[in-house]
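The file start-v1.cif contains mmCIF, C-alpha atoms:
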data_final
#
loop_
_atom_site.label_atom_id
_atom_site.label_comp_id
_atom_site.auth_asym_id
_atom_site.auth_seq_id
_atom_site.Cartn_x
_atom_site.Cartn_y
_atom_site.Cartn_z
CA MET A 1 -12.40 0.07 9.84
CA ASP A 2 -11.10 -3.12 11.48
CA ILE A 3 -10.59 -4.62 14.94
CA ASN A 4 -6.97 -3.49 15.15
CA GLN A 5 -7.98 0.11 14.50
CA LEU A 6 -10.50 -0.18 17.33
CA ARG A 7 -7.84 -1.57 19.67
CA CYS A 8 -5.48 1.30 18.86
CA PHE A 9 -8.19 3.88 19.46
CA VAL A 10 -9.32 2.29 22.75
CA VAL A 11 -5.78 2.31 24.16
CA LEU A 12 -5.26 5.91 23.03
CA GLY A 13 -8.70 6.90 24.34
CA ASP A 14 -7.79 5.55 27.77
CA GLU A 15 -4.26 7.00 27.86
CA LEU A 16 -4.94 10.31 26.03
CA HIS A 17 -1.23 10.38 25.28
CA PHE A 18 0.28 9.17 21.99
CA GLY A 19 3.63 8.23 23.52
CA ARG A 20 2.20 6.08 26.33
CA ALA A 21 -0.41 4.50 24.05
CA ALA A 22 2.21 3.71 21.39
CA ARG A 23 4.43 2.01 24.00
CA LYS A 24 1.52 -0.15 25.15
CA LEU A 25 0.77 -1.07 21.54
CA GLU A 26 4.49 -1.60 20.77
CA MET A 27 4.45 0.80 17.83
CA MET A 28 5.84 4.22 16.96
CA PRO A 29 3.80 7.29 17.98
CA ALA A 30 3.86 8.53 14.36
CA SER A 31 2.43 5.21 13.17
CA LEU A 32 -0.30 5.35 15.82
CA SER A 33 -1.15 8.90 14.76
CA ARG A 34 -1.47 7.80 11.12
CA PHE A 35 -3.59 4.82 12.17
CA ILE A 36 -6.00 7.05 14.12
CA LYS A 37 -6.15 9.49 11.20
CA LEU A 38 -7.12 6.64 8.87
CA LEU A 39 -9.88 5.65 11.31
CA GLU A 40 -11.19 9.23 11.46
CA GLU A 41 -11.14 9.48 7.67
CA ASP A 42 -12.97 6.16 7.40
CA LEU A 43 -15.67 7.33 9.84
CA GLY A 44 -15.83 10.86 8.52
CA ILE A 45 -15.71 12.37 12.04
CA ARG A 46 -13.06 13.78 14.38
CA LEU A 47 -12.54 11.51 17.38
CA LEU A 48 -9.75 13.45 19.09
CA ASN A 49 -8.66 17.03 19.46
CA ARG A 50 -4.90 17.48 19.52
CA SER A 51 -2.86 20.40 20.78
CA THR A 52 0.86 20.75 21.48
CA ARG A 53 0.30 19.65 25.09
CA ASN A 54 -2.99 17.80 25.30
CA VAL A 55 -5.03 15.11 23.59
CA TYR A 56 -8.70 14.88 24.48
CA LEU A 57 -11.79 13.17 23.14
CA THR A 58 -14.43 14.99 21.17
CA PRO A 59 -18.05 14.28 22.19
CA GLU A 60 -18.29 11.89 19.24
CA GLY A 61 -14.97 10.35 20.27
CA ALA A 62 -16.17 9.70 23.82
CA GLU A 63 -19.32 8.03 22.53
CA PHE A 64 -17.34 6.02 20.00
CA LEU A 65 -14.86 4.92 22.70
CA ASN A 66 -17.63 3.38 24.81
CA GLU A 67 -19.09 1.56 21.80
CA ALA A 68 -15.62 0.41 20.66
CA LYS A 69 -14.93 -1.11 24.08
CA ARG A 70 -18.23 -2.97 23.94
CA VAL A 71 -17.52 -4.29 20.43
CA LEU A 72 -14.00 -5.40 21.42
CA SER A 73 -15.30 -7.15 24.51
CA GLU A 74 -17.89 -9.04 22.44
CA PHE A 75 -15.34 -9.84 19.74
CA ASP A 76 -12.79 -11.19 22.22
CA ALA A 77 -15.44 -13.32 23.91
CA LEU A 78 -16.52 -14.70 20.53
CA ARG A 79 -12.92 -15.34 19.53
CA GLN A 80 -12.24 -17.29 22.71
CA ARG A 81 -15.28 -19.48 22.05
CA PHE A 82 -14.01 -20.52 18.65
CA LEU A 83 -10.25 -20.36 19.18
CA LYS A 84 -8.75 -23.81 18.76
CA SER A 85 -5.83 -24.85 20.91
CA ASN A 86 -4.95 -27.68 18.54
CA VAL A 87 -1.27 -27.33 17.59
CA SER A 88 -2.08 -28.57 14.11
CA GLN A 89 -4.27 -25.52 13.51
CA LYS A 90 -3.43 -23.74 10.26
CA LYS A 91 -0.94 -20.92 10.59
CA THR A 92 -1.80 -17.67 8.88
CA LEU A 93 0.30 -15.38 6.70
CA ARG A 94 -1.21 -11.93 6.23
CA ILE A 95 0.15 -10.08 3.23
CA GLY A 96 -0.48 -6.54 2.04
CA ALA A 97 0.36 -5.50 -1.51
CA ILE A 98 0.02 -2.48 -3.76
CA ASP A 99 -1.93 -3.05 -6.97
CA SER A 100 1.09 -3.56 -9.28
CA ALA A 101 2.73 -6.08 -6.91
CA ALA A 102 -0.56 -7.94 -6.48
CA ARG A 103 -0.65 -8.45 -10.26
CA GLY A 104 3.03 -8.66 -11.12
CA LEU A 105 5.29 -10.19 -8.47
CA LEU A 106 2.97 -11.80 -5.93
CA PRO A 107 1.18 -14.49 -8.01
CA ASN A 108 4.45 -16.19 -9.01
CA LEU A 109 5.88 -15.85 -5.50
CA LEU A 110 2.77 -17.38 -3.95
CA ASN A 111 2.90 -20.22 -6.46
CA LEU A 112 6.38 -21.13 -5.18
CA PHE A 113 5.34 -20.67 -1.55
CA ILE A 114 2.21 -22.83 -1.70
CA LYS A 115 4.16 -25.72 -3.22
CA GLN A 116 6.29 -25.84 -0.08
CA PHE A 117 3.56 -24.88 2.44
CA PRO A 118 0.23 -26.19 1.08
CA GLU A 119 -1.29 -25.98 4.56
CA ALA A 120 -0.72 -22.22 4.89
CA ASP A 121 -3.72 -19.97 5.39
CA ILE A 122 -2.88 -16.88 3.31
CA HIS A 123 -4.81 -13.61 3.55
CA ILE A 124 -4.05 -10.86 1.01
CA ILE A 125 -5.05 -7.21 1.28
CA GLU A 126 -4.59 -4.89 -1.71
CA ASP A 127 -4.26 -1.19 -0.90
CA LYS A 128 -1.99 1.85 -1.18
CA SER A 129 1.40 1.91 0.55
CA SER A 130 0.24 4.71 2.86
CA SER A 131 -2.54 2.45 4.17
CA LEU A 132 -0.61 -0.83 4.32
CA ILE A 133 2.47 0.33 6.24
CA PRO A 134 0.56 1.49 9.38
CA ARG A 135 -1.24 -1.88 9.39
CA LEU A 136 2.13 -3.63 9.25
CA ALA A 137 3.49 -1.49 12.09
CA SER A 138 0.46 -2.29 14.24
CA GLY A 139 0.89 -6.03 13.70
CA TRP A 140 -2.23 -6.49 11.60
CA LEU A 141 -0.12 -7.59 8.59
CA ASP A 142 2.99 -9.80 8.48
CA LEU A 143 4.49 -8.67 5.16
CA VAL A 144 3.78 -5.81 2.77
CA PHE A 145 4.92 -5.23 -0.82
CA VAL A 146 4.94 -1.47 -1.20
CA ARG A 147 6.66 1.63 -2.50
CA PRO A 148 9.36 2.39 0.10
CA PRO A 149 8.35 5.27 2.40
CA GLU A 150 10.47 8.38 2.81
CA GLN A 151 10.77 7.66 6.54
CA VAL A 152 10.70 4.17 8.05
CA ASP A 153 9.76 3.26 11.63
CA VAL A 154 12.69 1.69 13.46
CA ILE A 155 10.56 -1.37 14.23
CA LEU A 156 10.23 -2.16 10.51
CA THR A 157 12.73 -3.64 8.07
CA THR A 158 12.73 -2.72 4.38
CA ARG A 159 14.32 -4.68 1.53
CA PHE A 160 14.44 -3.33 -2.00
CA ILE A 161 13.18 -5.78 -4.64
CA ALA A 162 13.27 -4.09 -8.06
CA TYR A 163 12.29 -1.11 -10.13
CA GLU A 164 8.99 -1.62 -11.95
CA THR A 165 8.85 -0.63 -15.60
CA CYS A 166 6.39 2.09 -16.59
CA VAL A 167 4.40 2.44 -19.81
CA LEU A 168 2.34 5.22 -21.34
CA ALA A 169 -1.41 4.58 -21.25
CA VAL A 170 -3.24 6.27 -24.14
CA PRO A 171 -6.81 6.17 -25.50
CA ALA A 172 -7.38 3.33 -27.97
CA GLN A 173 -7.80 5.75 -30.89
CA HIS A 174 -4.86 7.97 -29.96
CA ARG A 175 -2.43 9.13 -32.63
CA LEU A 176 0.42 7.26 -30.89
CA VAL A 177 -1.14 3.78 -30.76
CA ASP A 178 0.91 2.45 -33.69
CA TYR A 179 4.23 3.50 -32.16
CA ASP A 180 6.45 0.63 -31.00
CA ARG A 181 7.99 2.87 -28.32
CA VAL A 182 7.54 6.48 -27.31
CA SER A 183 9.81 9.17 -25.91
CA ILE A 184 8.94 12.30 -23.97
CA ASP A 185 9.13 14.27 -27.23
CA ASP A 186 6.21 12.21 -28.58
CA PHE A 187 3.78 13.17 -25.79
CA ARG A 188 5.26 16.31 -24.15
CA ASP A 189 2.25 18.43 -25.22
CA GLU A 190 -0.42 15.85 -24.38
CA PRO A 191 -2.78 16.44 -21.41
CA VAL A 192 -1.76 14.10 -18.60
CA ILE A 193 -3.64 12.30 -15.82
CA VAL A 194 -1.41 12.53 -12.73
CA PRO A 195 -1.82 10.85 -9.32
CA GLU A 196 -1.76 13.21 -6.34
CA ARG A 197 1.58 13.10 -4.54
CA ARG A 198 -0.15 12.70 -1.18
CA ALA A 199 -1.60 9.35 -2.26
CA ARG A 200 1.03 8.03 -4.70
CA PRO A 201 4.27 10.00 -4.22
CA HIS A 202 6.50 7.71 -6.30
CA SER A 203 4.15 7.66 -9.29
CA HIS A 204 3.64 11.41 -9.07
CA ASP A 205 7.39 12.10 -8.86
CA LEU A 206 8.18 9.71 -11.71
CA THR A 207 5.75 11.52 -14.01
CA MET A 208 7.32 14.85 -13.13
CA ASP A 209 10.86 13.48 -13.56
CA ILE A 210 10.10 12.10 -17.02
CA PHE A 211 8.77 15.45 -18.18
CA ARG A 212 11.73 17.25 -16.60
CA SER A 213 14.04 14.96 -18.56
CA GLY A 214 12.57 16.54 -21.69
CA ASP A 215 12.95 20.07 -20.30
CA CYS A 216 9.19 20.51 -20.05
CA PHE A 217 6.34 20.45 -17.55
CA PRO A 218 3.23 18.26 -17.92
CA VAL A 219 -0.06 19.77 -19.02
CA ILE A 220 -2.07 18.31 -16.15
CA ALA A 221 -5.62 17.52 -17.26
CA GLN A 222 -6.78 15.83 -14.07
CA TYR A 223 -5.50 14.51 -10.75
CA ALA A 224 -6.69 11.00 -9.87
CA GLU A 225 -5.79 8.60 -7.07
CA GLU A 226 -7.17 5.15 -7.91
CA LYS A 227 -5.79 3.07 -10.78
CA GLN A 228 -9.20 2.31 -12.24
CA THR A 229 -10.11 6.00 -12.20
CA ILE A 230 -6.87 6.91 -13.99
CA LEU A 231 -7.51 4.33 -16.72
CA SER A 232 -11.15 5.38 -17.05
CA PHE A 233 -10.06 8.98 -17.64
CA VAL A 234 -7.57 7.80 -20.26
CA ALA A 235 -10.20 5.67 -21.99
CA ALA A 236 -12.54 8.68 -22.05
CA GLY A 237 -9.90 10.68 -23.93
CA LEU A 238 -9.15 13.12 -21.10
CA GLY A 239 -5.42 12.54 -21.35
CA VAL A 240 -2.54 10.07 -21.22
CA ALA A 241 -0.94 8.61 -18.07
CA LEU A 242 2.34 7.04 -17.01
CA VAL A 243 1.48 3.81 -15.19
CA PRO A 244 3.23 0.59 -14.03
CA ALA A 245 3.58 -1.98 -16.81
CA SER A 246 1.55 -4.46 -14.73
CA TYR A 247 -1.56 -2.38 -15.51
CA LYS A 248 -1.51 -4.08 -18.90
CA ASN A 249 -2.96 -7.15 -17.14
CA MET A 250 -6.09 -5.22 -16.16
CA ASN A 251 -9.29 -5.25 -18.15
CA ALA A 252 -9.41 -1.65 -19.30
CA ASP A 253 -11.39 -1.25 -22.52
CA GLY A 254 -10.37 1.70 -24.63
CA VAL A 255 -6.79 1.91 -23.33
CA LYS A 256 -3.54 1.00 -25.08
CA TYR A 257 -0.14 0.71 -23.40
CA LEU A 258 3.04 1.92 -25.09
CA PRO A 259 6.59 1.08 -23.89
CA LEU A 260 8.87 4.01 -23.12
CA LYS A 261 12.29 4.52 -24.63
CA PRO A 262 15.01 4.37 -21.95
CA ILE A 263 15.66 7.66 -20.14
CA ASP A 264 19.00 8.35 -18.46
CA ASN A 265 18.89 8.37 -14.63
CA ILE A 266 15.22 7.33 -14.48
CA LYS A 267 14.84 3.74 -13.30
CA GLY A 268 11.11 3.31 -12.77
CA LEU A 269 8.98 2.73 -9.67
CA PRO A 270 10.73 1.13 -6.67
CA LEU A 271 9.14 -1.96 -5.14
CA SER A 272 10.16 -3.11 -1.66
CA VAL A 273 9.09 -5.70 0.88
CA MET A 274 8.69 -4.68 4.53
CA TRP A 275 8.21 -6.69 7.70
CA HIS A 276 8.19 -6.25 11.46
CA GLN A 277 11.56 -6.87 13.09
CA GLY A 278 9.90 -8.82 15.87
CA ASN A 279 7.92 -11.13 13.59
CA THR A 280 8.71 -14.81 14.35
CA ASN A 281 6.24 -16.30 11.85
CA ILE A 282 8.11 -19.09 10.04
CA TYR A 283 6.15 -18.28 6.89
CA VAL A 284 7.56 -14.75 6.82
CA LYS A 285 11.15 -16.04 6.85
CA ALA A 286 10.34 -18.68 4.24
CA MET A 287 8.76 -16.17 1.87
CA LEU A 288 11.65 -13.73 2.27
CA ASP A 289 14.11 -16.55 1.55
CA MET A 290 12.16 -17.58 -1.56
CA LEU A 291 12.06 -13.98 -2.74
CA ALA A 292 15.84 -13.66 -2.37
CA GLU A 293 16.64 -17.03 -3.96
CA ASN A 294 14.33 -16.49 -6.96
CA SER A 295 14.69 -12.73 -7.32
CA GLU A 296 15.84 -12.72 -10.94
CA GLU A 297 13.04 -15.02 -12.10
CA LEU A 298 10.32 -13.27 -10.09
CA THR A 299 11.25 -9.75 -11.19
CA ARG A 300 11.92 -10.51 -14.85
CA GLY A 301 8.56 -9.21 -16.07
CA LEU A 302 8.32 -6.14 -13.85
#
Translate the structure of the given file into structure tokens.
Amino acid sequence: MDINQLRCFVVLGDELHFGRAARKLEMMPASLSRFIKLLEEDLGIRLLNRSTRNVYLTPEGAEFLNEAKRVLSEFDALRQRFLKSNVSQKKTLRIGAIDSAARGLLPNLLNLFIKQFPEADIHIIEDKSSSLIPRLASGWLDLVFVRPPEQVDVILTTRFIAYETCVLAVPAQHRLVDYDRVSIDDFRDEPVIVPERRARPHSHDLTMDIFRSGDCFPVIAQYAEEKQTILSFVAAGLGVALVPASYKNMNADGVKYLPLKPIDNIKGLPLSVMWHQGNTNIYVKAMLDMLAENSEELTRGL
């Protein structure tokens, strides 16, 4: 839970109408709905009841609204006390990134950026695409490096960067560990750890597509959402998993990573950068320019 989530809820709690609240917040109603859902999931309670015609607060929601207003009032007062009007104050660039981008693309890109803007105050949040994109839409983040969503809010711009290579993660003592490369025929009968499509749709679909390319269906041993959980299951011998090649940079004892032989019509996991159309932060433009100018070098190892 963060301050921006509280602001969204307070506006919606006062308006009790997603359309009007979204206009006040300058975001899409669907993005606001996802943002509120994330807040409810974080709190573990229902704040609003929704019907086809009405939106109204639950008893817990009404109580939370009063407390949220108090917290926001205190926060804004505190912020004003410490806010500096000095024009030389550091400018901030707030970046969100999925795990593979945070390990693969972003370090080299930031290295280039900091050389040109050593004074920049950079904040980085690592999370899933489904959590980062609503934060971008609400203005809480300036740039996000994510898997492209199936539907994009009109206020956001998306630029494709590259397809990330995938590898097969296997237990350290697995029969395939000495293979230089593997094909679907080598692991078609192995139990597989698969991410749920709700949380990681691109990774889920890629796993299914690779098995379909071999005219088979995966023997799903376990669904798992978080990268560390997936690798822990692999290390424990519960199954194999298709993961981004950047996972090789993680400390995961008991796991080996095997390159895949090329498969026709399967390119890997798409990585895109997204930003708010109305963002005037000079750092955003500079980073996008650097990404375009150095694309081949930055994406070489993906």
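If only C-alpha atoms are the atoms counted, then among A:Gln116, A:Gly237, A:Glu196, A:Leu231 the closest residue to Gln173 of chain A is A:Gly237.
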Q.
If we count all atoms listed in the file and set the cut-off at 12 Å, which residues sit around Leu105 of chain A, ignoring sequence neighbours fewer than 5 positions away in its own chain? Please answer as a ChimeraX atom specification.
A. /A:97-100,110-112,145-146,161-164,245-246,271-273,291,294-302
Q) For the atom pair atom CA of Cys8 of chain A and atom CA of Tyr283 of chain A, what is the interatomic distance in Å to one decimal place? A) 25.7 Å
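For the pair atom CA of Arg147 of chain A and atom CA of Ser183 of chain A, the interatomic distance is 24.8 Å.
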Selected by the PyMOL selection byres ((chain A and resi 243) around 8) in the shown coordinates: which residues, as a PDB file with C-alpha atoms, in the coordinates of the input?
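The result, stored in out20.pdb:
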ATOM      1  CA  CYS A 166       6.390   2.090 -16.590  1.00  0.00           C
ATOM      2  CA  VAL A 167       4.400   2.440 -19.810  1.00  0.00           C
ATOM      3  CA  LEU A 168       2.340   5.220 -21.340  1.00  0.00           C
ATOM      4  CA  ALA A 169      -1.410   4.580 -21.250  1.00  0.00           C
ATOM      5  CA  SER A 203       4.150   7.660  -9.290  1.00  0.00           C
ATOM      6  CA  ALA A 241      -0.940   8.610 -18.070  1.00  0.00           C
ATOM      7  CA  LEU A 242       2.340   7.040 -17.010  1.00  0.00           C
ATOM      8  CA  PRO A 244       3.230   0.590 -14.030  1.00  0.00           C
ATOM      9  CA  ALA A 245       3.580  -1.980 -16.810  1.00  0.00           C
ATOM     10  CA  TYR A 247      -1.560  -2.380 -15.510  1.00  0.00           C
TER      11      TYR A 247
END
**Q.** Atom pair atom CA of Tyr223 of chain A / atom CA of Phe187 of chain A: separation (Å)
**A.** 17.7 Å
Q | Result set, the PyMOL selection byres ((chain A and resi 48-64) around 10) on current file, as a list in words | A | Leu6, Phe9, Val10, Leu12, Gly13, Asp14, Glu15, Leu16, His17, Phe18, Ile36, Lys37, Glu40, Ile45, Arg46, Leu47, Leu65, Asn66, Glu67, Ala68, Lys69 and Arg70 of chain A
Test item: which residues lie within 10 Å of (-6.3, -17.0, 4.0) counting only C-alpha atoms, as a short mmCIF file (atom, residue, chain, number, x, y, z; two decimals) with C-alpha atoms, in the coordinates of the input:
data_model
loop_
_atom_site.label_atom_id
_atom_site.label_comp_id
_atom_site.auth_asym_id
_atom_site.auth_seq_id
_atom_site.Cartn_x
_atom_site.Cartn_y
_atom_site.Cartn_z
CA LYS A 90 -3.43 -23.74 10.26
CA LYS A 91 -0.94 -20.92 10.59
CA THR A 92 -1.80 -17.67 8.88
CA LEU A 93 0.30 -15.38 6.70
CA ARG A 94 -1.21 -11.93 6.23
CA ILE A 95 0.15 -10.08 3.23
CA ALA A 120 -0.72 -22.22 4.89
CA ASP A 121 -3.72 -19.97 5.39
CA ILE A 122 -2.88 -16.88 3.31
CA HIS A 123 -4.81 -13.61 3.55
CA ILE A 124 -4.05 -10.86 1.01
#
